[in-house]
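Peer 1: Structure incoming, see below.
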Amino acid sequence: MNDSSQFDSETTSHNVSGHHFSTALVLAGAGAAGNAWQLGLIAGLSDAGVDVTDADVIIGTSAGSTVAAQITSGTLPGDPYAAILAEVPQPQAGGAGSGGRRAPSLSGPAYMDWSNAIIGSAEDASDMRRRIGAAALEMDASDGSSQSRWHDIVAARLPSHDWPQQPLLITAVDAQSGEPVVFDRHSGVDLVDAVAASTSAMTPYRIGENRYINGGYRRSSNADLAAGYERVLVLEPFGGRSRTPREWGMDLATQVDELRAGGSTVETVFPDAGAGDVFNANALDPSTRLPAARGGYEQGRAIAGRLAEFWR
């Protein structure tokens, strides 16, 4: 289940055949807003004639792992977006009735403060992963009920709980060792558990005897896992920003440079103004979902012409 697991041989088997370009879709994390924006964008692209869900490999990180599992579940590309439009609107945290103050949250600004302090104390990326994992394990005083709740929440979000035949890679980090992990259908891990591990924040997620934390600590967007594919499309809700020092090489720009040096053609898509100013510490606020999804949909329709030739 680590970075040298069985997916290596599988992903390299999808190289160009005839006139078909091998394609990889990279879905980065960014909470509720990021999930919704990506699903909206994918729906907008599809409605304009560009179906990116047929990629030869899909790589999901954190919220992007949920998107990856949703769009490979056998549904139509626009179905998850339609489900967002049908959701009951959520009140804006910190709005009317709350005195203008945001309710305490382990996954909002408090999480950012907690993780930024650990990142600032680390010497390099490996040290950061070890420190984040150790801090998460130290905070984990749960009797298992929070894990069960998170499992059920993730399961409810996925139309299918079975790994697709289409190659799907889901990232995480081993909280006990700090080692990067990539799950696929050969890993012996249920799809729901893989997504739950990739989306975990301050509390590690247990799978068997191991515990895991958010896949974004492996590398910000994990676009490097698309190495060897000719066309790589990266959907990055946070606009390629990284909270780690540039010299660590965790940022998206470094990964894109590596991919291009290896012969890949890479396109990155960041949210435009239509999604609203929601890609910040409050990206996990459920009230961001509807505007982010609608903004993503319109953006997808707008850029479909530019991406059509690139994708095929």
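Scheme for the structure tokens: letters A, B, ... for chains in order shown; per-chain residue numbers from 1; ligand numbers from 1 in order shown.
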Check the DSSP output for the backbone and give back, as a PDB file with all heavy atoms, in the first residue's frame, the residues of stretch 124-219 of chain A in strand (DSSP E).
Peer 2:
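Result file out.pdb:
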ATOM      1  N   LEU A 168      -7.840   3.750 -10.483  1.00  0.00           N
ATOM      2  CA  LEU A 168      -8.117   4.832  -9.548  1.00  0.00           C
ATOM      3  C   LEU A 168      -7.098   4.757  -8.427  1.00  0.00           C
ATOM      4  O   LEU A 168      -6.933   3.707  -7.794  1.00  0.00           O
ATOM      5  CB  LEU A 168      -9.538   4.675  -8.986  1.00  0.00           C
ATOM      6  CG  LEU A 168      -9.941   5.548  -7.794  1.00  0.00           C
ATOM      7  CD1 LEU A 168      -9.854   7.022  -8.154  1.00  0.00           C
ATOM      8  CD2 LEU A 168     -11.348   5.185  -7.327  1.00  0.00           C
ATOM      9  N   LEU A 169      -6.391   5.855  -8.192  1.00  0.00           N
ATOM     10  CA  LEU A 169      -5.381   5.937  -7.140  1.00  0.00           C
ATOM     11  C   LEU A 169      -5.832   6.938  -6.088  1.00  0.00           C
ATOM     12  O   LEU A 169      -6.219   8.055  -6.419  1.00  0.00           O
ATOM     13  CB  LEU A 169      -4.029   6.368  -7.714  1.00  0.00           C
ATOM     14  CG  LEU A 169      -3.508   5.597  -8.930  1.00  0.00           C
ATOM     15  CD1 LEU A 169      -2.152   6.143  -9.347  1.00  0.00           C
ATOM     16  CD2 LEU A 169      -3.425   4.108  -8.639  1.00  0.00           C
ATOM     17  N   ILE A 170      -5.782   6.542  -4.826  1.00  0.00           N
ATOM     18  CA  ILE A 170      -6.205   7.398  -3.720  1.00  0.00           C
ATOM     19  C   ILE A 170      -5.051   7.516  -2.725  1.00  0.00           C
ATOM     20  O   ILE A 170      -4.511   6.511  -2.265  1.00  0.00           O
ATOM     21  CB  ILE A 170      -7.462   6.834  -3.042  1.00  0.00           C
ATOM     22  CG1 ILE A 170      -8.637   6.921  -4.013  1.00  0.00           C
ATOM     23  CG2 ILE A 170      -7.777   7.592  -1.759  1.00  0.00           C
ATOM     24  CD1 ILE A 170      -9.930   6.358  -3.477  1.00  0.00           C
ATOM     25  N   THR A 171      -4.696   8.745  -2.402  1.00  0.00           N
ATOM     26  CA  THR A 171      -3.497   8.995  -1.603  1.00  0.00           C
ATOM     27  C   THR A 171      -3.813   9.147  -0.116  1.00  0.00           C
ATOM     28  O   THR A 171      -4.899   9.569   0.271  1.00  0.00           O
ATOM     29  CB  THR A 171      -2.796  10.275  -2.076  1.00  0.00           C
ATOM     30  OG1 THR A 171      -3.686  11.390  -1.875  1.00  0.00           O
ATOM     31  CG2 THR A 171      -2.437  10.180  -3.551  1.00  0.00           C
ATOM     32  N   ALA A 172      -2.831   8.815   0.695  1.00  0.00           N
ATOM     33  CA  ALA A 172      -2.915   9.001   2.142  1.00  0.00           C
ATOM     34  C   ALA A 172      -1.491   9.004   2.681  1.00  0.00           C
ATOM     35  O   ALA A 172      -0.519   8.889   1.931  1.00  0.00           O
ATOM     36  CB  ALA A 172      -3.751   7.901   2.794  1.00  0.00           C
ATOM     37  N   VAL A 173      -1.364   9.142   4.002  1.00  0.00           N
ATOM     38  CA  VAL A 173      -0.066   9.061   4.676  1.00  0.00           C
ATOM     39  C   VAL A 173      -0.239   8.178   5.901  1.00  0.00           C
ATOM     40  O   VAL A 173      -1.220   8.315   6.643  1.00  0.00           O
ATOM     41  CB  VAL A 173       0.442  10.462   5.088  1.00  0.00           C
ATOM     42  CG1 VAL A 173       1.654  10.358   6.009  1.00  0.00           C
ATOM     43  CG2 VAL A 173       0.791  11.288   3.852  1.00  0.00           C
ATOM     44  N   ASP A 174       0.693   7.266   6.113  1.00  0.00           N
ATOM     45  CA  ASP A 174       0.685   6.412   7.298  1.00  0.00           C
ATOM     46  C   ASP A 174       1.022   7.273   8.515  1.00  0.00           C
ATOM     47  O   ASP A 174       2.116   7.831   8.608  1.00  0.00           O
ATOM     48  CB  ASP A 174       1.709   5.289   7.133  1.00  0.00           C
ATOM     49  CG  ASP A 174       1.640   4.249   8.234  1.00  0.00           C
ATOM     50  OD1 ASP A 174       1.630   4.636   9.421  1.00  0.00           O
ATOM     51  OD2 ASP A 174       1.624   3.052   7.912  1.00  0.00           O
ATOM     52  N   PRO A 180       4.375   7.978   2.778  1.00  0.00           N
ATOM     53  CA  PRO A 180       3.272   8.171   1.817  1.00  0.00           C
ATOM     54  C   PRO A 180       2.663   6.835   1.421  1.00  0.00           C
ATOM     55  O   PRO A 180       3.347   5.800   1.382  1.00  0.00           O
ATOM     56  CB  PRO A 180       3.968   8.833   0.622  1.00  0.00           C
ATOM     57  CG  PRO A 180       5.252   9.372   1.152  1.00  0.00           C
ATOM     58  CD  PRO A 180       5.658   8.446   2.245  1.00  0.00           C
ATOM     59  N   VAL A 181       1.377   6.868   1.130  1.00  0.00           N
ATOM     60  CA  VAL A 181       0.628   5.668   0.765  1.00  0.00           C
ATOM     61  C   VAL A 181      -0.246   5.979  -0.433  1.00  0.00           C
ATOM     62  O   VAL A 181      -0.792   7.081  -0.546  1.00  0.00           O
ATOM     63  CB  VAL A 181      -0.257   5.193   1.944  1.00  0.00           C
ATOM     64  CG1 VAL A 181      -1.128   4.011   1.536  1.00  0.00           C
ATOM     65  CG2 VAL A 181       0.587   4.835   3.160  1.00  0.00           C
ATOM     66  N   VAL A 182      -0.366   5.001  -1.343  1.00  0.00           N
ATOM     67  CA  VAL A 182      -1.306   5.104  -2.458  1.00  0.00           C
ATOM     68  C   VAL A 182      -2.140   3.829  -2.487  1.00  0.00           C
ATOM     69  O   VAL A 182      -1.609   2.726  -2.607  1.00  0.00           O
ATOM     70  CB  VAL A 182      -0.582   5.292  -3.811  1.00  0.00           C
ATOM     71  CG1 VAL A 182      -1.606   5.373  -4.944  1.00  0.00           C
ATOM     72  CG2 VAL A 182       0.288   6.543  -3.793  1.00  0.00           C
ATOM     73  N   PHE A 183      -3.445   3.988  -2.352  1.00  0.00           N
ATOM     74  CA  PHE A 183      -4.369   2.862  -2.416  1.00  0.00           C
ATOM     75  C   PHE A 183      -4.906   2.703  -3.834  1.00  0.00           C
ATOM     76  O   PHE A 183      -5.162   3.689  -4.526  1.00  0.00           O
ATOM     77  CB  PHE A 183      -5.572   3.087  -1.487  1.00  0.00           C
ATOM     78  CG  PHE A 183      -5.234   3.198  -0.025  1.00  0.00           C
ATOM     79  CD1 PHE A 183      -5.444   4.392   0.647  1.00  0.00           C
ATOM     80  CD2 PHE A 183      -4.732   2.112   0.673  1.00  0.00           C
ATOM     81  CE1 PHE A 183      -5.160   4.502   1.996  1.00  0.00           C
ATOM     82  CE2 PHE A 183      -4.438   2.211   2.022  1.00  0.00           C
ATOM     83  CZ  PHE A 183      -4.656   3.410   2.689  1.00  0.00           C
ATOM     84  N   TYR A 205      -7.355   7.883  10.641  1.00  0.00           N
ATOM     85  CA  TYR A 205      -8.369   6.892  10.304  1.00  0.00           C
ATOM     86  C   TYR A 205      -7.732   5.512  10.337  1.00  0.00           C
ATOM     87  O   TYR A 205      -6.700   5.269   9.709  1.00  0.00           O
ATOM     88  CB  TYR A 205      -8.949   7.184   8.923  1.00  0.00           C
ATOM     89  CG  TYR A 205     -10.114   6.289   8.559  1.00  0.00           C
ATOM     90  CD1 TYR A 205     -11.399   6.608   8.986  1.00  0.00           C
ATOM     91  CD2 TYR A 205      -9.920   5.129   7.823  1.00  0.00           C
ATOM     92  CE1 TYR A 205     -12.479   5.779   8.670  1.00  0.00           C
ATOM     93  CE2 TYR A 205     -10.978   4.306   7.499  1.00  0.00           C
ATOM     94  CZ  TYR A 205     -12.258   4.630   7.930  1.00  0.00           C
ATOM     95  OH  TYR A 205     -13.316   3.817   7.631  1.00  0.00           O
ATOM     96  N   ARG A 206      -8.360   4.595  11.066  1.00  0.00           N
ATOM     97  CA  ARG A 206      -7.804   3.255  11.252  1.00  0.00           C
ATOM     98  C   ARG A 206      -8.289   2.306  10.164  1.00  0.00           C
ATOM     99  O   ARG A 206      -9.482   2.225   9.874  1.00  0.00           O
ATOM    100  CB  ARG A 206      -8.202   2.715  12.621  1.00  0.00           C
ATOM    101  CG  ARG A 206      -7.614   1.325  12.923  1.00  0.00           C
ATOM    102  CD  ARG A 206      -8.147   0.779  14.231  1.00  0.00           C
ATOM    103  NE  ARG A 206      -7.684   1.558  15.367  1.00  0.00           N
ATOM    104  CZ  ARG A 206      -6.534   1.366  15.995  1.00  0.00           C
ATOM    105  NH1 ARG A 206      -5.705   0.422  15.577  1.00  0.00           N
ATOM    106  NH2 ARG A 206      -6.200   2.113  17.029  1.00  0.00           N
ATOM    107  N   ILE A 207      -7.346   1.590   9.581  1.00  0.00           N
ATOM    108  CA  ILE A 207      -7.646   0.479   8.675  1.00  0.00           C
ATOM    109  C   ILE A 207      -6.819  -0.696   9.167  1.00  0.00           C
ATOM    110  O   ILE A 207      -5.593  -0.697   9.045  1.00  0.00           O
ATOM    111  CB  ILE A 207      -7.302   0.797   7.211  1.00  0.00           C
ATOM    112  CG1 ILE A 207      -8.048   2.049   6.724  1.00  0.00           C
ATOM    113  CG2 ILE A 207      -7.639  -0.392   6.316  1.00  0.00           C
ATOM    114  CD1 ILE A 207      -7.688   2.470   5.304  1.00  0.00           C
ATOM    115  N   ASN A 210      -3.320  -0.293  11.063  1.00  0.00           N
ATOM    116  CA  ASN A 210      -2.674   0.946  10.635  1.00  0.00           C
ATOM    117  C   ASN A 210      -3.630   2.127  10.748  1.00  0.00           C
ATOM    118  O   ASN A 210      -4.853   1.969  10.689  1.00  0.00           O
ATOM    119  CB  ASN A 210      -2.190   0.813   9.188  1.00  0.00           C
ATOM    120  CG  ASN A 210      -1.186  -0.298   9.025  1.00  0.00           C
ATOM    121  OD1 ASN A 210      -0.244  -0.410   9.804  1.00  0.00           O
ATOM    122  ND2 ASN A 210      -1.381  -1.143   8.024  1.00  0.00           N
ATOM    123  N   ARG A 211      -3.038   3.307  10.883  1.00  0.00           N
ATOM    124  CA  ARG A 211      -3.831   4.530  10.928  1.00  0.00           C
ATOM    125  C   ARG A 211      -3.259   5.530   9.936  1.00  0.00           C
ATOM    126  O   ARG A 211      -2.037   5.617   9.750  1.00  0.00           O
ATOM    127  CB  ARG A 211      -3.859   5.099  12.348  1.00  0.00           C
ATOM    128  CG  ARG A 211      -4.757   4.263  13.261  1.00  0.00           C
ATOM    129  CD  ARG A 211      -4.929   4.864  14.624  1.00  0.00           C
ATOM    130  NE  ARG A 211      -3.806   4.539  15.499  1.00  0.00           N
ATOM    131  CZ  ARG A 211      -3.729   4.908  16.772  1.00  0.00           C
ATOM    132  NH1 ARG A 211      -4.684   5.635  17.316  1.00  0.00           N
ATOM    133  NH2 ARG A 211      -2.699   4.566  17.502  1.00  0.00           N
ATOM    134  N   TYR A 212      -4.154   6.291   9.314  1.00  0.00           N
ATOM    135  CA  TYR A 212      -3.775   7.132   8.182  1.00  0.00           C
ATOM    136  C   TYR A 212      -4.299   8.554   8.355  1.00  0.00           C
ATOM    137  O   TYR A 212      -5.313   8.789   9.016  1.00  0.00           O
ATOM    138  CB  TYR A 212      -4.333   6.540   6.884  1.00  0.00           C
ATOM    139  CG  TYR A 212      -3.819   5.159   6.595  1.00  0.00           C
ATOM    140  CD1 TYR A 212      -4.543   4.042   7.018  1.00  0.00           C
ATOM    141  CD2 TYR A 212      -2.613   4.965   5.947  1.00  0.00           C
ATOM    142  CE1 TYR A 212      -4.072   2.761   6.773  1.00  0.00           C
ATOM    143  CE2 TYR A 212      -2.133   3.689   5.702  1.00  0.00           C
ATOM    144  CZ  TYR A 212      -2.861   2.584   6.117  1.00  0.00           C
ATOM    145  OH  TYR A 212      -2.384   1.320   5.886  1.00  0.00           O
ATOM    146  N   ILE A 213      -3.573   9.490   7.720  1.00  0.00           N
ATOM    147  CA  ILE A 213      -3.983  10.886   7.689  1.00  0.00           C
ATOM    148  C   ILE A 213      -4.073  11.363   6.250  1.00  0.00           C
ATOM    149  O   ILE A 213      -3.728  10.642   5.312  1.00  0.00           O
ATOM    150  CB  ILE A 213      -3.024  11.786   8.510  1.00  0.00           C
ATOM    151  CG1 ILE A 213      -1.581  11.613   8.019  1.00  0.00           C
ATOM    152  CG2 ILE A 213      -3.160  11.497   9.991  1.00  0.00           C
ATOM    153  CD1 ILE A 213      -0.599  12.565   8.678  1.00  0.00           C
TER     154      ILE A 213
END
Peer 1: If you take only C-alpha atoms and a cut-off of 7 Å, which residues of stretch 183-225 of chain A touch stretch 129-153 of chain A, and what are their nearest atom pairs and distances in Å to one decimal, in chain and number order, as JSON lines?
Peer 2:
{"residue": "A:Val192", "atom": "CA", "partner": "A:His151", "partner_atom": "CA", "distance": 6.9}
{"residue": "A:Asp193", "atom": "CA", "partner": "A:His151", "partner_atom": "CA", "distance": 6.9}
{"residue": "A:Ala196", "atom": "CA", "partner": "A:His151", "partner_atom": "CA", "distance": 6.2}
{"residue": "A:Met202", "atom": "CA", "partner": "A:Ala136", "partner_atom": "CA", "distance": 5.2}
{"residue": "A:Thr203", "atom": "CA", "partner": "A:Ala136", "partner_atom": "CA", "distance": 5.4}
{"residue": "A:Pro204", "atom": "CA", "partner": "A:Ala136", "partner_atom": "CA", "distance": 6.0}
{"residue": "A:Tyr205", "atom": "CA", "partner": "A:Gln147", "partner_atom": "CA", "distance": 6.5}
{"residue": "A:Ile213", "atom": "CA", "partner": "A:Gly133", "partner_atom": "CA", "distance": 6.8}
{"residue": "A:Tyr217", "atom": "CA", "partner": "A:Arg129", "partner_atom": "CA", "distance": 6.3}
Peer 1: Applying 7 Å and only C-alpha atoms, which residues near A:Val232 remain after dropping the ones on its own chain fewer than 4 positions away? List them as a list of chain:residue names.
Peer 2: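 Contacts, in chain order: A:Thr23, A:Ala24, A:Leu25, A:Ala226, A:Ser264, A:Thr265, A:Val266, A:Glu267.
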Peer 1: Export, as a PDB file, in the first residue's frame, the selected residues with C-alpha atoms.
Peer 2:
ATOM      1  CA  THR A  23      -4.677  10.543 -20.126  1.00  0.00           C
ATOM      2  CA  ALA A  24      -4.583  11.190 -16.389  1.00  0.00           C
ATOM      3  CA  LEU A  25      -7.048  13.243 -14.367  1.00  0.00           C
ATOM      4  CA  ALA A 226       0.555  10.828 -13.347  1.00  0.00           C
ATOM      5  CA  SER A 264       3.785  14.847 -20.408  1.00  0.00           C
ATOM      6  CA  THR A 265       1.625  17.683 -21.675  1.00  0.00           C
ATOM      7  CA  VAL A 266      -0.045  19.232 -18.641  1.00  0.00           C
ATOM      8  CA  GLU A 267      -3.054  21.511 -18.226  1.00  0.00           C
TER       9      GLU A 267
END
Peer 1: At a cut-off of 8 Å, using only C-alpha atoms, what residues contact A:Tyr297? Leave out same-chain residues fewer than 3 positions from it and give the result as an NGL selection string.
Peer 2: :A and (37 or 39-45 or 293-294 or 300-301)
Peer 1: So that I have them on file, write out the residues from the current selection with all heavy atoms, as an mmCIF file, in the first residue's frame.
Peer 2:
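Contents of part05.cif, as written:
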data_model
loop_
_atom_site.group_PDB
_atom_site.id
_atom_site.type_symbol
_atom_site.label_atom_id
_atom_site.label_comp_id
_atom_site.auth_asym_id
_atom_site.auth_seq_id
_atom_site.Cartn_x
_atom_site.Cartn_y
_atom_site.Cartn_z
ATOM 1 N N TRP A 37 -16.807 22.265 -6.460
ATOM 2 C CA TRP A 37 -16.300 22.940 -7.658
ATOM 3 C C TRP A 37 -15.846 21.933 -8.709
ATOM 4 O O TRP A 37 -16.158 22.073 -9.898
ATOM 5 C CB TRP A 37 -15.155 23.883 -7.295
ATOM 6 C CG TRP A 37 -14.475 24.471 -8.482
ATOM 7 C CD1 TRP A 37 -14.941 25.481 -9.277
ATOM 8 C CD2 TRP A 37 -13.209 24.072 -9.043
ATOM 9 N NE1 TRP A 37 -14.037 25.733 -10.295
ATOM 10 C CE2 TRP A 37 -12.966 24.888 -10.168
ATOM 11 C CE3 TRP A 37 -12.255 23.118 -8.681
ATOM 12 C CZ2 TRP A 37 -11.814 24.772 -10.943
ATOM 13 C CZ3 TRP A 37 -11.108 22.989 -9.452
ATOM 14 C CH2 TRP A 37 -10.893 23.817 -10.567
ATOM 15 N N LEU A 39 -16.810 18.767 -9.077
ATOM 16 C CA LEU A 39 -17.955 18.068 -9.645
ATOM 17 C C LEU A 39 -18.724 18.960 -10.614
ATOM 18 O O LEU A 39 -19.182 18.497 -11.669
ATOM 19 C CB LEU A 39 -18.878 17.589 -8.525
ATOM 20 C CG LEU A 39 -18.331 16.457 -7.654
ATOM 21 C CD1 LEU A 39 -19.265 16.173 -6.488
ATOM 22 C CD2 LEU A 39 -18.098 15.190 -8.473
ATOM 23 N N GLY A 40 -18.859 20.242 -10.281
ATOM 24 C CA GLY A 40 -19.515 21.168 -11.193
ATOM 25 C C GLY A 40 -18.734 21.341 -12.479
ATOM 26 O O GLY A 40 -19.307 21.337 -13.579
ATOM 27 N N LEU A 41 -17.429 21.486 -12.366
ATOM 28 C CA LEU A 41 -16.593 21.679 -13.542
ATOM 29 C C LEU A 41 -16.645 20.461 -14.461
ATOM 30 O O LEU A 41 -16.758 20.588 -15.688
ATOM 31 C CB LEU A 41 -15.149 21.959 -13.117
ATOM 32 C CG LEU A 41 -14.248 22.369 -14.275
ATOM 33 C CD1 LEU A 41 -13.711 23.780 -14.071
ATOM 34 C CD2 LEU A 41 -13.089 21.407 -14.438
ATOM 35 N N ILE A 42 -16.565 19.265 -13.870
ATOM 36 C CA ILE A 42 -16.637 18.037 -14.658
ATOM 37 C C ILE A 42 -17.978 17.938 -15.381
ATOM 38 O O ILE A 42 -18.040 17.536 -16.550
ATOM 39 C CB ILE A 42 -16.386 16.821 -13.748
ATOM 40 C CG1 ILE A 42 -14.911 16.784 -13.325
ATOM 41 C CG2 ILE A 42 -16.784 15.519 -14.437
ATOM 42 C CD1 ILE A 42 -14.623 15.843 -12.174
ATOM 43 N N ALA A 43 -19.071 18.330 -14.698
ATOM 44 C CA ALA A 43 -20.391 18.315 -15.329
ATOM 45 C C ALA A 43 -20.473 19.326 -16.463
ATOM 46 O O ALA A 43 -21.024 19.038 -17.530
ATOM 47 C CB ALA A 43 -21.467 18.602 -14.292
ATOM 48 N N GLY A 44 -19.922 20.526 -16.242
ATOM 49 C CA GLY A 44 -19.937 21.546 -17.283
ATOM 50 C C GLY A 44 -19.144 21.123 -18.509
ATOM 51 O O GLY A 44 -19.584 21.330 -19.652
ATOM 52 N N LEU A 45 -17.993 20.537 -18.286
ATOM 53 C CA LEU A 45 -17.193 20.029 -19.408
ATOM 54 C C LEU A 45 -17.968 18.963 -20.176
ATOM 55 O O LEU A 45 -18.008 18.972 -21.415
ATOM 56 C CB LEU A 45 -15.887 19.429 -18.887
ATOM 57 C CG LEU A 45 -14.798 20.397 -18.423
ATOM 58 C CD1 LEU A 45 -13.667 19.642 -17.729
ATOM 59 C CD2 LEU A 45 -14.237 21.192 -19.606
ATOM 60 N N ALA A 293 -20.137 24.802 -6.775
ATOM 61 C CA ALA A 293 -20.561 23.881 -7.829
ATOM 62 C C ALA A 293 -21.069 24.629 -9.054
ATOM 63 O O ALA A 293 -20.713 24.305 -10.199
ATOM 64 C CB ALA A 293 -21.647 22.949 -7.297
ATOM 65 N N ARG A 294 -21.906 25.636 -8.821
ATOM 66 C CA ARG A 294 -22.428 26.412 -9.949
ATOM 67 C C ARG A 294 -21.321 27.145 -10.689
ATOM 68 O O ARG A 294 -21.310 27.197 -11.926
ATOM 69 C CB ARG A 294 -23.483 27.392 -9.443
ATOM 70 C CG ARG A 294 -24.817 26.720 -9.093
ATOM 71 C CD ARG A 294 -25.802 27.700 -8.500
ATOM 72 N NE ARG A 294 -27.143 27.127 -8.395
ATOM 73 C CZ ARG A 294 -28.100 27.628 -7.640
ATOM 74 N NH1 ARG A 294 -27.877 28.731 -6.927
ATOM 75 N NH2 ARG A 294 -29.288 27.053 -7.586
ATOM 76 N N GLY A 300 -16.562 25.123 -16.451
ATOM 77 C CA GLY A 300 -16.346 23.958 -17.296
ATOM 78 C C GLY A 300 -16.889 24.161 -18.700
ATOM 79 O O GLY A 300 -16.224 23.826 -19.690
ATOM 80 N N ARG A 301 -18.076 24.713 -18.786
ATOM 81 C CA ARG A 301 -18.645 24.984 -20.111
ATOM 82 C C ARG A 301 -17.792 26.000 -20.881
ATOM 83 O O ARG A 301 -17.627 25.892 -22.100
ATOM 84 C CB ARG A 301 -20.082 25.489 -19.981
ATOM 85 C CG ARG A 301 -21.059 24.410 -19.536
ATOM 86 C CD ARG A 301 -22.487 24.941 -19.472
ATOM 87 N NE ARG A 301 -22.944 25.409 -20.782
ATOM 88 C CZ ARG A 301 -23.492 24.638 -21.708
ATOM 89 N NH1 ARG A 301 -23.652 23.339 -21.468
ATOM 90 N NH2 ARG A 301 -23.883 25.134 -22.854
#
Peer 1: In Å, how far is it from atom CA of A:Ala33 to atom CA of A:Arg289?
Peer 2: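 Here the two named atoms are 5.0 Å from each other.
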Peer 1: In terms of the shortest atom-to-atom distance over only C-alpha atoms, which of A:Ser177, A:Gln38, A:Thr199, A:Ser187 is closest to A:Ala63?
Peer 2: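 Once distances to A:Ala63 are computed over only C-alpha atoms, the minimum belongs to A:Thr199.
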Peer 1: Just checking: using only C-alpha atoms, which residue out of A:Ser126, A:Ser287, A:Ser65, A:Asn116 ends up closest to A:Ser242?
Peer 2: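 Nearest to A:Ser242: A:Asn116.
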Peer 1: Let's see if you can do this: from backbone DSSP, list all alpha helix (DSSP H) residues in stretch 60-309 of chain A, as a VMD selection string.
Peer 2: chain A and resid 63 to 71 79 to 85 109 to 121 125 to 139 145 to 157 191 to 198 252 to 261 289 to 309
Peer 1: Hey, which of A:Met250, A:Ile58, A:Asn35, A:Glu230 ends up closest to A:Arg312? Count only C-alpha atoms.
Peer 2: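 Among A:Met250, A:Ile58, A:Asn35, A:Glu230, it is A:Glu230 that comes nearest to A:Arg312.
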Peer 1: For A:Gly29, please output as a list in words all residues within 7 Å (counting only C-alpha atoms; exclusion window: fewer than 3 positions along the same chain).
Peer 2: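 Answer for this query is Gly34, Thr61, Ser62, Ala63, Gly64 and Gly216 of chain A.
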Peer 1: Take the selection from the previous step and output its residues with N, CA, C and O atoms, as a PDB file, in the first residue's frame.
Peer 2:
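Final output, saved to result.pdb:
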ATOM      1  N   GLY A  34     -14.059  22.547  -2.570  1.00  0.00           N
ATOM      2  CA  GLY A  34     -13.273  21.925  -3.630  1.00  0.00           C
ATOM      3  C   GLY A  34     -13.982  20.757  -4.272  1.00  0.00           C
ATOM      4  O   GLY A  34     -13.962  20.594  -5.495  1.00  0.00           O
ATOM      5  N   THR A  61      -7.023  13.065  -4.188  1.00  0.00           N
ATOM      6  CA  THR A  61      -6.419  13.436  -2.907  1.00  0.00           C
ATOM      7  C   THR A  61      -7.437  14.155  -2.049  1.00  0.00           C
ATOM      8  O   THR A  61      -8.061  15.125  -2.491  1.00  0.00           O
ATOM      9  N   SER A  62      -7.617  13.701  -0.817  1.00  0.00           N
ATOM     10  CA  SER A  62      -8.517  14.342   0.138  1.00  0.00           C
ATOM     11  C   SER A  62      -9.898  14.525  -0.506  1.00  0.00           C
ATOM     12  O   SER A  62     -10.495  13.554  -0.948  1.00  0.00           O
ATOM     13  N   ALA A  63     -10.430  15.752  -0.553  1.00  0.00           N
ATOM     14  CA  ALA A  63     -11.744  15.948  -1.178  1.00  0.00           C
ATOM     15  C   ALA A  63     -11.758  15.430  -2.611  1.00  0.00           C
ATOM     16  O   ALA A  63     -12.791  14.970  -3.102  1.00  0.00           O
ATOM     17  N   GLY A  64     -10.618  15.512  -3.284  1.00  0.00           N
ATOM     18  CA  GLY A  64     -10.522  14.986  -4.645  1.00  0.00           C
ATOM     19  C   GLY A  64     -10.669  13.477  -4.710  1.00  0.00           C
ATOM     20  O   GLY A  64     -11.067  12.936  -5.742  1.00  0.00           O
ATOM     21  N   GLY A 216      -3.199  14.865   1.296  1.00  0.00           N
ATOM     22  CA  GLY A 216      -2.514  16.087   0.884  1.00  0.00           C
ATOM     23  C   GLY A 216      -1.139  16.245   1.492  1.00  0.00           C
ATOM     24  O   GLY A 216      -0.334  17.042   1.001  1.00  0.00           O
TER      25      GLY A 216
END
